[in-house]
$ cat upload16.csv   # CSV, C-alpha atoms
chain,number,residue,atom,x,y,z
A,1,MET,CA,109.0,105.1,114.0
A,2,THR,CA,106.7,106.2,116.8
A,3,ASP,CA,103.6,104.5,118.1
A,4,THR,CA,101.5,106.5,120.5
A,5,THR,CA,98.2,104.6,120.3
A,6,ALA,CA,95.7,106.7,122.2
A,7,ASP,CA,92.5,105.3,120.7
A,8,THR,CA,89.7,105.0,123.3
A,9,THR,CA,86.9,104.1,120.8
A,10,ALA,CA,84.9,101.1,121.9
A,11,ASP,CA,85.8,97.9,120.1
A,12,THR,CA,82.7,96.6,118.4
A,13,GLY,CA,84.6,93.8,116.5
A,14,ARG,CA,84.1,95.8,113.3
A,15,LEU,CA,86.3,98.4,111.6
A,16,ARG,CA,85.1,100.7,108.8
A,17,VAL,CA,88.0,101.3,106.3
A,18,ALA,CA,88.1,103.8,103.4
A,19,LEU,CA,90.9,103.8,100.8
A,20,VAL,CA,91.2,107.0,98.9
A,21,GLN,CA,92.6,106.1,95.5
A,22,ALA,CA,93.7,109.5,94.1
A,23,ALA,CA,96.7,111.0,92.3
A,24,SER,CA,98.9,113.5,94.1
A,25,GLY,CA,100.4,116.3,92.0
A,26,LEU,CA,103.5,118.4,92.1
A,27,GLU,CA,101.9,121.3,94.1
A,28,PRO,CA,101.9,120.5,97.9
A,29,ASP,CA,99.2,123.1,98.6
A,30,ALA,CA,96.8,121.4,96.3
A,31,ASN,CA,97.6,118.0,97.7
A,32,ARG,CA,97.0,119.3,101.2
A,33,ALA,CA,93.7,120.7,100.2
A,34,ALA,CA,92.7,117.4,98.7
A,35,LEU,CA,92.9,115.7,102.1
A,36,ASP,CA,89.8,117.5,103.3
A,37,ARG,CA,88.0,117.3,99.9
A,38,LEU,CA,88.4,113.6,99.6
A,39,ALA,CA,88.3,112.1,103.1
A,40,PRO,CA,84.9,110.5,103.8
A,41,ARG,CA,83.0,111.0,107.0
A,42,ASP,CA,81.8,107.5,107.7
A,43,ALA,CA,85.0,105.5,108.3
A,44,ASP,CA,87.1,104.7,111.4
A,45,LEU,CA,90.3,104.5,109.3
A,46,VAL,CA,91.0,106.5,106.1
A,47,ALA,CA,94.1,105.8,104.1
A,48,PHE,CA,95.6,107.9,101.3
A,49,PRO,CA,98.4,106.7,99.0
A,50,GLU,CA,102.1,106.9,99.3
A,51,ALA,CA,103.7,110.3,98.5
A,52,PHE,CA,100.4,112.1,98.7
A,53,ALA,CA,101.9,115.3,100.0
A,54,ARG,CA,103.8,115.6,96.8
A,55,ASP,CA,104.3,113.2,93.9
A,56,PHE,CA,107.7,111.8,93.1
A,57,GLY,CA,107.9,113.7,89.9
A,58,GLU,CA,110.0,112.4,87.0
A,59,ALA,CA,112.0,109.2,87.8
A,60,GLY,CA,115.1,110.0,89.9
A,61,SER,CA,114.0,113.5,90.8
A,62,ASP,CA,115.4,115.2,93.8
A,63,VAL,CA,112.4,115.5,96.2
A,64,SER,CA,114.4,116.9,99.2
A,65,ALA,CA,113.0,120.5,98.7
A,66,TYR,CA,109.5,119.1,99.4
A,67,ALA,CA,110.5,117.3,102.6
A,68,GLU,CA,108.7,118.5,105.8
A,69,PRO,CA,109.0,117.6,109.5
A,70,VAL,CA,106.3,115.4,110.9
A,71,ASP,CA,104.7,118.4,112.6
A,72,GLY,CA,104.8,120.4,109.4
A,73,PRO,CA,102.0,121.7,107.2
A,74,PHE,CA,101.0,118.3,105.7
A,75,ALA,CA,101.0,116.3,108.9
A,76,THR,CA,99.2,119.1,110.6
A,77,GLU,CA,96.4,119.1,108.0
A,78,VAL,CA,96.2,115.3,108.2
A,79,ALA,CA,95.6,115.7,112.0
A,80,ARG,CA,93.0,118.4,111.4
A,81,VAL,CA,91.1,116.3,108.9
A,82,ALA,CA,91.2,113.3,111.2
A,83,GLY,CA,89.9,115.3,114.1
A,84,ASP,CA,87.1,116.8,111.9
A,85,ARG,CA,86.1,113.3,110.8
A,86,GLY,CA,86.5,111.7,114.2
A,87,CYS,CA,88.7,109.0,112.7
A,88,THR,CA,92.4,108.0,112.0
A,89,VAL,CA,94.0,109.1,108.8
A,90,VAL,CA,97.1,107.6,107.1
A,91,ALA,CA,98.9,109.5,104.3
A,92,GLY,CA,102.3,109.5,102.7
A,93,MET,CA,104.8,112.3,102.6
A,94,PHE,CA,108.6,113.0,102.4
A,95,GLU,CA,110.0,113.7,105.8
A,96,ARG,CA,113.3,115.5,106.6
A,97,SER,CA,116.0,113.2,107.8
A,98,ALA,CA,119.6,113.7,109.0
A,99,ASP,CA,120.7,113.8,105.4
A,100,PRO,CA,119.2,116.9,103.9
A,101,GLN,CA,119.5,115.5,100.4
A,102,ARG,CA,117.8,112.1,101.2
A,103,PRO,CA,114.5,112.4,103.2
A,104,PHE,CA,112.5,109.6,104.5
A,105,ASN,CA,109.4,108.2,102.7
A,106,THR,CA,107.0,108.4,105.6
A,107,LEU,CA,103.5,107.5,106.4
A,108,VAL,CA,102.0,109.8,109.0
A,109,VAL,CA,99.1,108.4,111.1
A,110,ARG,CA,97.0,111.0,112.9
A,111,GLY,CA,93.8,111.1,114.8
A,112,ALA,CA,92.7,108.5,117.4
A,113,ALA,CA,96.1,106.8,116.8
A,114,GLU,CA,99.4,108.5,116.0
A,115,ALA,CA,102.6,107.2,114.4
A,116,ASP,CA,105.2,107.9,111.8
A,117,TYR,CA,106.3,105.0,109.7
A,118,ARG,CA,109.4,105.4,107.6
A,119,LYS,CA,109.5,103.1,104.5
A,120,VAL,CA,112.0,100.3,105.1
A,121,HIS,CA,112.5,98.9,101.6
A,122,LEU,CA,113.4,101.5,99.0
A,123,TYR,CA,112.5,100.8,95.4
A,124,ASP,CA,115.8,99.8,93.9
A,125,SER,CA,114.1,97.6,91.3
A,126,PHE,CA,112.6,97.6,87.8
A,127,GLY,CA,115.2,100.2,86.7
A,128,TYR,CA,114.6,102.6,89.6
A,129,ARG,CA,116.9,103.6,92.5
A,130,GLU,CA,114.9,105.2,95.2
A,131,SER,CA,117.8,104.9,97.6
A,132,ASP,CA,119.7,107.5,95.6
A,133,ARG,CA,117.1,110.1,96.7
A,134,LEU,CA,115.7,108.7,100.0
A,135,THR,CA,116.8,107.3,103.3
A,136,PRO,CA,115.4,104.0,104.5
A,137,GLY,CA,113.7,103.8,107.9
A,138,PRO,CA,114.6,101.6,110.8
A,139,VAL,CA,113.8,97.9,110.4
A,140,GLU,CA,111.1,97.5,113.0
A,141,PRO,CA,107.4,96.8,112.9
A,142,CYS,CA,105.0,99.8,113.3
A,143,VAL,CA,101.6,98.8,114.7
A,144,VAL,CA,98.9,101.2,116.0
A,145,GLU,CA,95.5,100.7,117.6
A,146,VAL,CA,92.4,102.0,115.8
A,147,SER,CA,89.0,101.4,117.3
A,148,GLY,CA,90.3,98.4,119.1
A,149,TRP,CA,92.0,96.9,116.0
A,150,ARG,CA,95.7,96.4,115.7
A,151,VAL,CA,96.9,97.9,112.4
A,152,GLY,CA,100.3,97.4,110.9
A,153,LEU,CA,101.9,99.7,108.3
A,154,MET,CA,103.8,99.0,105.2
A,155,THR,CA,104.6,101.2,102.1
A,156,CYS,CA,104.6,100.1,98.5
A,157,TYR,CA,107.8,98.1,97.8
A,158,ASP,CA,107.6,96.8,101.4
A,159,LEU,CA,104.8,94.5,100.0
A,160,ARG,CA,107.4,92.4,98.2
A,161,PHE,CA,109.1,91.4,101.5
A,162,PRO,CA,106.9,88.8,103.3
A,163,GLU,CA,109.1,88.9,106.4
A,164,LEU,CA,108.0,92.5,107.2
A,165,ALA,CA,104.3,91.5,107.0
A,166,ARG,CA,105.0,88.5,109.3
A,167,ARG,CA,106.8,90.7,111.8
A,168,LEU,CA,103.7,93.0,111.9
A,169,VAL,CA,101.4,90.1,112.5
A,170,ASP,CA,103.7,88.7,115.2
A,171,ALA,CA,103.4,92.2,116.8
A,172,GLY,CA,99.7,91.7,116.8
A,173,ALA,CA,98.5,93.2,113.6
A,174,GLU,CA,95.0,92.1,112.5
A,175,LEU,CA,95.0,94.5,109.5
A,176,ILE,CA,97.9,95.6,107.4
A,177,VAL,CA,97.5,99.0,105.5
A,178,VAL,CA,99.7,99.4,102.4
A,179,PRO,CA,99.7,102.9,100.9
A,180,ALA,CA,101.5,102.8,97.5
A,181,ALA,CA,102.5,104.5,94.3
A,182,TRP,CA,103.0,101.2,92.5
A,183,VAL,CA,104.6,102.2,89.2
A,184,ALA,CA,102.7,100.9,86.1
A,185,GLY,CA,104.3,98.5,83.7
A,186,PRO,CA,104.1,95.0,82.3
A,187,ARG,CA,102.9,92.5,84.9
A,188,LYS,CA,102.7,95.1,87.6
A,189,VAL,CA,98.9,94.9,88.2
A,190,ARG,CA,99.2,91.1,88.5
A,191,HIS,CA,102.2,91.5,90.9
A,192,TRP,CA,100.2,94.0,93.0
A,193,GLN,CA,97.1,91.8,93.2
A,194,THR,CA,99.0,88.6,93.8
A,195,LEU,CA,101.2,90.1,96.6
A,196,VAL,CA,98.4,91.8,98.4
A,197,THR,CA,96.4,88.6,98.4
A,198,ALA,CA,99.5,86.5,99.4
A,199,ARG,CA,100.3,88.7,102.4
A,200,ALA,CA,96.6,88.3,103.6
A,201,VAL,CA,96.5,84.5,103.1
A,202,GLU,CA,99.9,83.6,104.5
A,203,ASN,CA,99.4,85.7,107.6
A,204,THR,CA,95.6,85.2,108.0
A,205,VAL,CA,95.2,88.9,108.2
A,206,TYR,CA,93.2,91.6,106.5
A,207,VAL,CA,95.2,93.7,104.0
A,208,ALA,CA,94.0,97.1,102.8
A,209,ALA,CA,96.2,98.4,99.9
A,210,VAL,CA,95.6,101.9,98.4
A,211,GLY,CA,97.5,103.1,95.4
A,212,GLN,CA,97.8,106.1,93.2
A,213,PRO,CA,95.9,105.6,89.9
A,214,ALA,CA,96.8,105.1,86.3
A,215,PRO,CA,98.3,106.1,84.0
A,216,ARG,CA,101.6,106.5,85.9
A,217,TYR,CA,100.7,104.1,88.7
A,218,THR,CA,98.7,100.9,88.9
A,219,GLY,CA,95.7,101.8,91.0
A,220,HIS,CA,93.6,98.7,91.8
A,221,SER,CA,93.2,99.6,95.4
A,222,MET,CA,91.7,96.7,97.3
A,223,VAL,CA,90.8,95.2,100.6
A,224,VAL,CA,91.5,91.4,101.0
A,225,ASP,CA,90.2,89.3,103.9
A,226,PRO,CA,92.3,86.7,105.8
A,227,LEU,CA,91.3,83.8,103.5
A,228,GLY,CA,92.2,85.8,100.3
A,229,ASP,CA,88.7,86.9,99.3
A,230,VAL,CA,88.5,90.4,97.8
A,231,VAL,CA,86.1,92.4,100.0
A,232,ALA,CA,86.2,95.6,97.9
A,233,ASP,CA,88.3,97.0,95.1
A,234,ALA,CA,88.6,99.9,92.7
A,235,ASP,CA,89.7,98.0,89.6
A,236,GLY,CA,92.0,100.4,87.7
A,237,GLY,CA,90.1,103.6,88.4
A,238,ALA,CA,89.9,106.5,86.1
A,239,PRO,CA,93.1,108.6,86.2
A,240,ASP,CA,91.2,111.9,86.6
A,241,GLN,CA,88.6,110.6,89.0
A,242,PRO,CA,89.3,109.8,92.7
A,243,VAL,CA,87.7,106.6,94.0
A,244,VAL,CA,87.0,105.7,97.6
A,245,VAL,CA,87.0,101.9,98.3
A,246,ALA,CA,85.0,101.2,101.5
A,247,ALA,CA,84.8,98.0,103.5
A,248,GLU,CA,83.7,96.9,106.9
A,249,LEU,CA,86.1,94.4,108.5
A,250,ASP,CA,84.8,91.9,110.9
A,251,ARG,CA,86.9,90.3,113.6
A,252,ALA,CA,84.7,87.2,113.5
A,253,VAL,CA,85.9,86.6,110.0
A,254,LEU,CA,89.5,87.0,111.2
A,255,ALA,CA,88.9,84.5,114.0
A,256,GLU,CA,87.2,82.0,111.7
A,257,ALA,CA,90.0,82.2,109.1
A,258,ARG,CA,92.6,81.5,111.8
A,259,ARG,CA,90.5,78.4,112.9
A,260,THR,CA,90.2,77.2,109.3
A,261,ASN,CA,93.8,77.9,108.4
A,262,PRO,CA,95.9,77.8,111.6
A,263,SER,CA,99.2,78.4,109.8
A,264,LEU,CA,100.4,80.9,112.3
A,265,ALA,CA,100.0,78.3,115.1
A,266,ASN,CA,101.5,75.5,112.9
A,267,ARG,CA,104.8,77.3,112.3
A,268,ARG,CA,108.0,75.4,113.1
A,269,LEU,CA,110.8,77.9,113.5
$ encode --input "upload16.csv" --output "C-alpha cells"
Amino acid sequence: MTDTTADTTADTGRLRVALVQAASGLEPDANRAALDRLAPRDADLVAFPEAFARDFGEAGSDVSAYAEPVDGPFATEVARVAGDRGCTVVAGMFERSADPQRPFNTLVVRGAAEADYRKVHLYDSFGYRESDRLTPGPVEPCVVEVSGWRVGLMTCYDLRFPELARRLVDAGAELIVVPAAWVAGPRKVRHWQTLVTARAVENTVYVAAVGQPAPRYTGHSMVVDPLGDVVADADGGAPDQPVVVAAELDRAVLAEARRTNPSLANRRL
C-alpha cells in the first residue's frame, strides 16, 4: 500500500462524494472508456466499484491475464479522469503481483490524493475461493487525504471484518470508502446494508459503499452517516442503467455524532 497524500484543496468542512454504481464487463477497453463517460464533474471524491477494470468473469476464473501494473493503462486513465474533473477518483483493478498467477485485487486512488490499496481479506466464503486466484494485500490501514478529509479504504469482503474499519479510524479516517462487487444471493442485500451501517455506527464515521449492480451483484450503493442514518442510496438500481449516488458530507455532523456517542473515547482496551 502506498499513501502519497498531496491534496492542497482548502478544507471547507464539507466533502462532495459521488458513488458510480455501474457494471464492469469483460472488455478492459470498454471499462476504461466508461471511467470518463460516467465520472461526474461536481464531486471532490468519485468512487467506482471493485474490479471495474475488468469483471471477475465466471466464478473461479483465472484473471491473471488482465492484471496490470499500477502505472498501466487503467490507472493512467483513472489519473487522467481525476485530473480532468479536478477531483480524486477511486476504482478497482487487478494488479500484477510477485505471483504471476495470483494478482492483487487493488483499489487505485488518483488525483489530488494517490494510493494503491490491495484487498486484505479475500472472499473465501459463500462457496467462493478468491484466494485460489488472487494474492492478499498487507495487513495495514490505508488512509489518504481528500479536500482536508481523512479517507480510509476497504474492499468488499473487508466490510465483514470490523477490526480493519477500526484500524482505519484509529489512523484518522473520517470517511471509509468501500468499493465492492458484492455477489447477489439470499440475505446478501440485508448483510450489505447491515454491515455498512454497523461500520458507520460503531466507529462514528461516514461510510460510502459503492457496488456493482444486479443481477450478478447486489447494488444498493449507499452513504451512511456516523449515527447510522442513510444520507443517500441507489436502492437496487437497474442492471443496465448506471446510477450516481451523490452526497455532501459535513464534518459538523461527524463532530456532533462523536459528542452524542463517544464510544471511541469510552473504549477500554
$ residues_around --input "upload16.csv" --residues "Phe74 in chain A" --least-positions-apart "6" --cutoff "10 Å" --atoms "only C-alpha atoms" --output "mmCIF file with C-alpha atoms, keeping the file's coordinate frame"
data_model
loop_
_atom_site.group_PDB
_atom_site.id
_atom_site.type_symbol
_atom_site.label_atom_id
_atom_site.label_comp_id
_atom_site.auth_asym_id
_atom_site.auth_seq_id
_atom_site.Cartn_x
_atom_site.Cartn_y
_atom_site.Cartn_z
ATOM 1 C CA PRO A 28 101.900 120.500 97.900
ATOM 2 C CA ASP A 29 99.200 123.100 98.600
ATOM 3 C CA ASN A 31 97.600 118.000 97.700
ATOM 4 C CA ARG A 32 97.000 119.300 101.200
ATOM 5 C CA ALA A 33 93.700 120.700 100.200
ATOM 6 C CA LEU A 35 92.900 115.700 102.100
ATOM 7 C CA PHE A 52 100.400 112.100 98.700
ATOM 8 C CA ALA A 53 101.900 115.300 100.000
ATOM 9 C CA ARG A 54 103.800 115.600 96.800
ATOM 10 C CA GLU A 68 108.700 118.500 105.800
ATOM 11 C CA ARG A 80 93.000 118.400 111.400
ATOM 12 C CA ALA A 91 98.900 109.500 104.300
ATOM 13 C CA GLY A 92 102.300 109.500 102.700
ATOM 14 C CA MET A 93 104.800 112.300 102.600
ATOM 15 C CA PHE A 94 108.600 113.000 102.400
ATOM 16 C CA VAL A 108 102.000 109.800 109.000
#
$ residues_around --input "upload16.csv" --residues "Ala234 in chain A" --least-positions-apart "4" --cutoff "7 Å" --atoms "all atoms listed in the file" --output "list in words"
His220, Ser221, Met222, Val243 and Val245 of chain A
$ residues_around --input "upload16.csv" --residues "Arg216 in chain A" --least-positions-apart "6" --cutoff "9 Å" --atoms "all atoms listed in the file" --output "PDB file with C-alpha atoms, in the frame of the given file"
ATOM      1  CA  ALA A 181     102.500 104.500  94.300  1.00  0.00           C
ATOM      2  CA  TRP A 182     103.000 101.200  92.500  1.00  0.00           C
ATOM      3  CA  VAL A 183     104.600 102.200  89.200  1.00  0.00           C
ATOM      4  CA  ALA A 184     102.700 100.900  86.100  1.00  0.00           C
ATOM      5  CA  GLY A 185     104.300  98.500  83.700  1.00  0.00           C
ATOM      6  CA  PRO A 239      93.100 108.600  86.200  1.00  0.00           C
TER       7      PRO A 239
END
$ atom_distance --input "upload16.csv" --atom1 "CA of Tyr117 in chain A" --atom2 "CA of Glu50 in chain A"
11.4 Å
$ residues_around --input "upload16.csv" --residues "Arg251 in chain A" --least-positions-apart "6" --cutoff "9 Å" --atoms "only C-alpha atoms" --output "ChimeraX atom specification"
/A:12-15,149,174
$ closest_residue --input "upload16.csv" --among "A:Pro213, A:Gly127, A:Gly83, A:Pro136" --to "Gln21 in chain A" --atoms "only C-alpha atoms"
A:Pro213
$ atom_distance --input "upload16.csv" --atom1 "CA of Ala209 in chain A" --atom2 "CA of Val178 in chain A"
4.4 Å
$ closest_residue --input "upload16.csv" --among "A:Asp99, A:Glu130, A:Glu77, A:Glu202" --to "Ala30 in chain A" --atoms "all atoms listed in the file"
A:Glu77
$ closest_residue --input "upload16.csv" --among "A:Arg41, A:Arg85, A:Arg133, A:Arg150" --to "Arg110 in chain A" --atoms "all atoms listed in the file"
A:Arg85
$ build_atoms --input "upload16.csv" --residues "range 181-207 of chain A" --atoms "N, CA and C atoms" --output "PDB file, keeping the file's coordinate frame"
ATOM      1  N   ALA A 181     102.524 103.932  95.643  1.00  0.00           N
ATOM      2  CA  ALA A 181     102.500 104.500  94.300  1.00  0.00           C
ATOM      3  C   ALA A 181     103.208 103.498  93.435  1.00  0.00           C
ATOM      4  N   TRP A 182     102.468 102.434  93.159  1.00  0.00           N
ATOM      5  CA  TRP A 182     103.000 101.200  92.500  1.00  0.00           C
ATOM      6  C   TRP A 182     103.109 101.536  91.004  1.00  0.00           C
ATOM      7  N   VAL A 183     104.337 101.723  90.550  1.00  0.00           N
ATOM      8  CA  VAL A 183     104.600 102.200  89.200  1.00  0.00           C
ATOM      9  C   VAL A 183     103.981 101.221  88.174  1.00  0.00           C
ATOM     10  N   ALA A 184     103.298 101.756  87.166  1.00  0.00           N
ATOM     11  CA  ALA A 184     102.700 100.900  86.100  1.00  0.00           C
ATOM     12  C   ALA A 184     103.732 100.301  85.240  1.00  0.00           C
ATOM     13  N   GLY A 185     103.351  99.207  84.599  1.00  0.00           N
ATOM     14  CA  GLY A 185     104.300  98.500  83.700  1.00  0.00           C
ATOM     15  C   GLY A 185     103.808  97.098  83.455  1.00  0.00           C
ATOM     16  N   PRO A 186     104.506  96.376  82.585  1.00  0.00           N
ATOM     17  CA  PRO A 186     104.100  95.000  82.300  1.00  0.00           C
ATOM     18  C   PRO A 186     104.127  94.151  83.605  1.00  0.00           C
ATOM     19  N   ARG A 187     103.071  93.385  83.777  1.00  0.00           N
ATOM     20  CA  ARG A 187     102.900  92.500  84.900  1.00  0.00           C
ATOM     21  C   ARG A 187     102.649  93.149  86.239  1.00  0.00           C
ATOM     22  N   LYS A 188     102.707  94.473  86.295  1.00  0.00           N
ATOM     23  CA  LYS A 188     102.700  95.100  87.600  1.00  0.00           C
ATOM     24  C   LYS A 188     101.317  95.004  88.300  1.00  0.00           C
ATOM     25  N   VAL A 189     100.211  95.062  87.542  1.00  0.00           N
ATOM     26  CA  VAL A 189      98.900  94.900  88.200  1.00  0.00           C
ATOM     27  C   VAL A 189      98.814  93.462  88.759  1.00  0.00           C
ATOM     28  N   ARG A 190      99.284  92.484  87.986  1.00  0.00           N
ATOM     29  CA  ARG A 190      99.200  91.100  88.500  1.00  0.00           C
ATOM     30  C   ARG A 190     100.116  90.958  89.714  1.00  0.00           C
ATOM     31  N   HIS A 191     101.306  91.530  89.712  1.00  0.00           N
ATOM     32  CA  HIS A 191     102.200  91.500  90.900  1.00  0.00           C
ATOM     33  C   HIS A 191     101.453  92.063  92.105  1.00  0.00           C
ATOM     34  N   TRP A 192     100.894  93.244  91.913  1.00  0.00           N
ATOM     35  CA  TRP A 192     100.200  94.000  93.000  1.00  0.00           C
ATOM     36  C   TRP A 192      99.095  93.097  93.595  1.00  0.00           C
ATOM     37  N   GLN A 193      98.207  92.616  92.751  1.00  0.00           N
ATOM     38  CA  GLN A 193      97.100  91.800  93.200  1.00  0.00           C
ATOM     39  C   GLN A 193      97.506  90.534  93.886  1.00  0.00           C
ATOM     40  N   THR A 194      98.504  89.892  93.286  1.00  0.00           N
ATOM     41  CA  THR A 194      99.000  88.600  93.800  1.00  0.00           C
ATOM     42  C   THR A 194      99.650  88.824  95.192  1.00  0.00           C
ATOM     43  N   LEU A 195     100.472  89.850  95.311  1.00  0.00           N
ATOM     44  CA  LEU A 195     101.200  90.100  96.600  1.00  0.00           C
ATOM     45  C   LEU A 195     100.284  90.544  97.678  1.00  0.00           C
ATOM     46  N   VAL A 196      99.333  91.418  97.361  1.00  0.00           N
ATOM     47  CA  VAL A 196      98.400  91.800  98.400  1.00  0.00           C
ATOM     48  C   VAL A 196      97.620  90.620  98.921  1.00  0.00           C
ATOM     49  N   THR A 197      97.175  89.768  98.009  1.00  0.00           N
ATOM     50  CA  THR A 197      96.400  88.600  98.400  1.00  0.00           C
ATOM     51  C   THR A 197      97.326  87.601  99.185  1.00  0.00           C
ATOM     52  N   ALA A 198      98.557  87.429  98.722  1.00  0.00           N
ATOM     53  CA  ALA A 198      99.500  86.500  99.400  1.00  0.00           C
ATOM     54  C   ALA A 198      99.751  86.953 100.834  1.00  0.00           C
ATOM     55  N   ARG A 199      99.996  88.265 101.032  1.00  0.00           N
ATOM     56  CA  ARG A 199     100.300  88.700 102.400  1.00  0.00           C
ATOM     57  C   ARG A 199      99.062  88.479 103.298  1.00  0.00           C
ATOM     58  N   ALA A 200      97.836  88.579 102.753  1.00  0.00           N
ATOM     59  CA  ALA A 200      96.600  88.300 103.600  1.00  0.00           C
ATOM     60  C   ALA A 200      96.550  86.818 103.889  1.00  0.00           C
ATOM     61  N   VAL A 201      96.717  85.958 102.889  1.00  0.00           N
ATOM     62  CA  VAL A 201      96.500  84.500 103.100  1.00  0.00           C
ATOM     63  C   VAL A 201      97.579  83.917 103.974  1.00  0.00           C
ATOM     64  N   GLU A 202      98.852  84.253 103.717  1.00  0.00           N
ATOM     65  CA  GLU A 202      99.900  83.600 104.500  1.00  0.00           C
ATOM     66  C   GLU A 202      99.956  84.032 105.923  1.00  0.00           C
ATOM     67  N   ASN A 203      99.370  85.188 106.212  1.00  0.00           N
ATOM     68  CA  ASN A 203      99.400  85.700 107.600  1.00  0.00           C
ATOM     69  C   ASN A 203      97.983  85.643 108.228  1.00  0.00           C
ATOM     70  N   THR A 204      96.977  85.133 107.498  1.00  0.00           N
ATOM     71  CA  THR A 204      95.600  85.200 108.000  1.00  0.00           C
ATOM     72  C   THR A 204      95.266  86.512 108.604  1.00  0.00           C
ATOM     73  N   VAL A 205      95.361  87.559 107.782  1.00  0.00           N
ATOM     74  CA  VAL A 205      95.200  88.900 108.200  1.00  0.00           C
ATOM     75  C   VAL A 205      94.477  89.701 107.125  1.00  0.00           C
ATOM     76  N   TYR A 206      93.736  90.726 107.497  1.00  0.00           N
ATOM     77  CA  TYR A 206      93.200  91.600 106.500  1.00  0.00           C
ATOM     78  C   TYR A 206      94.333  92.476 105.905  1.00  0.00           C
ATOM     79  N   VAL A 207      94.269  92.770 104.606  1.00  0.00           N
ATOM     80  CA  VAL A 207      95.200  93.700 104.000  1.00  0.00           C
ATOM     81  C   VAL A 207      94.382  94.742 103.205  1.00  0.00           C
TER      82      VAL A 207
END
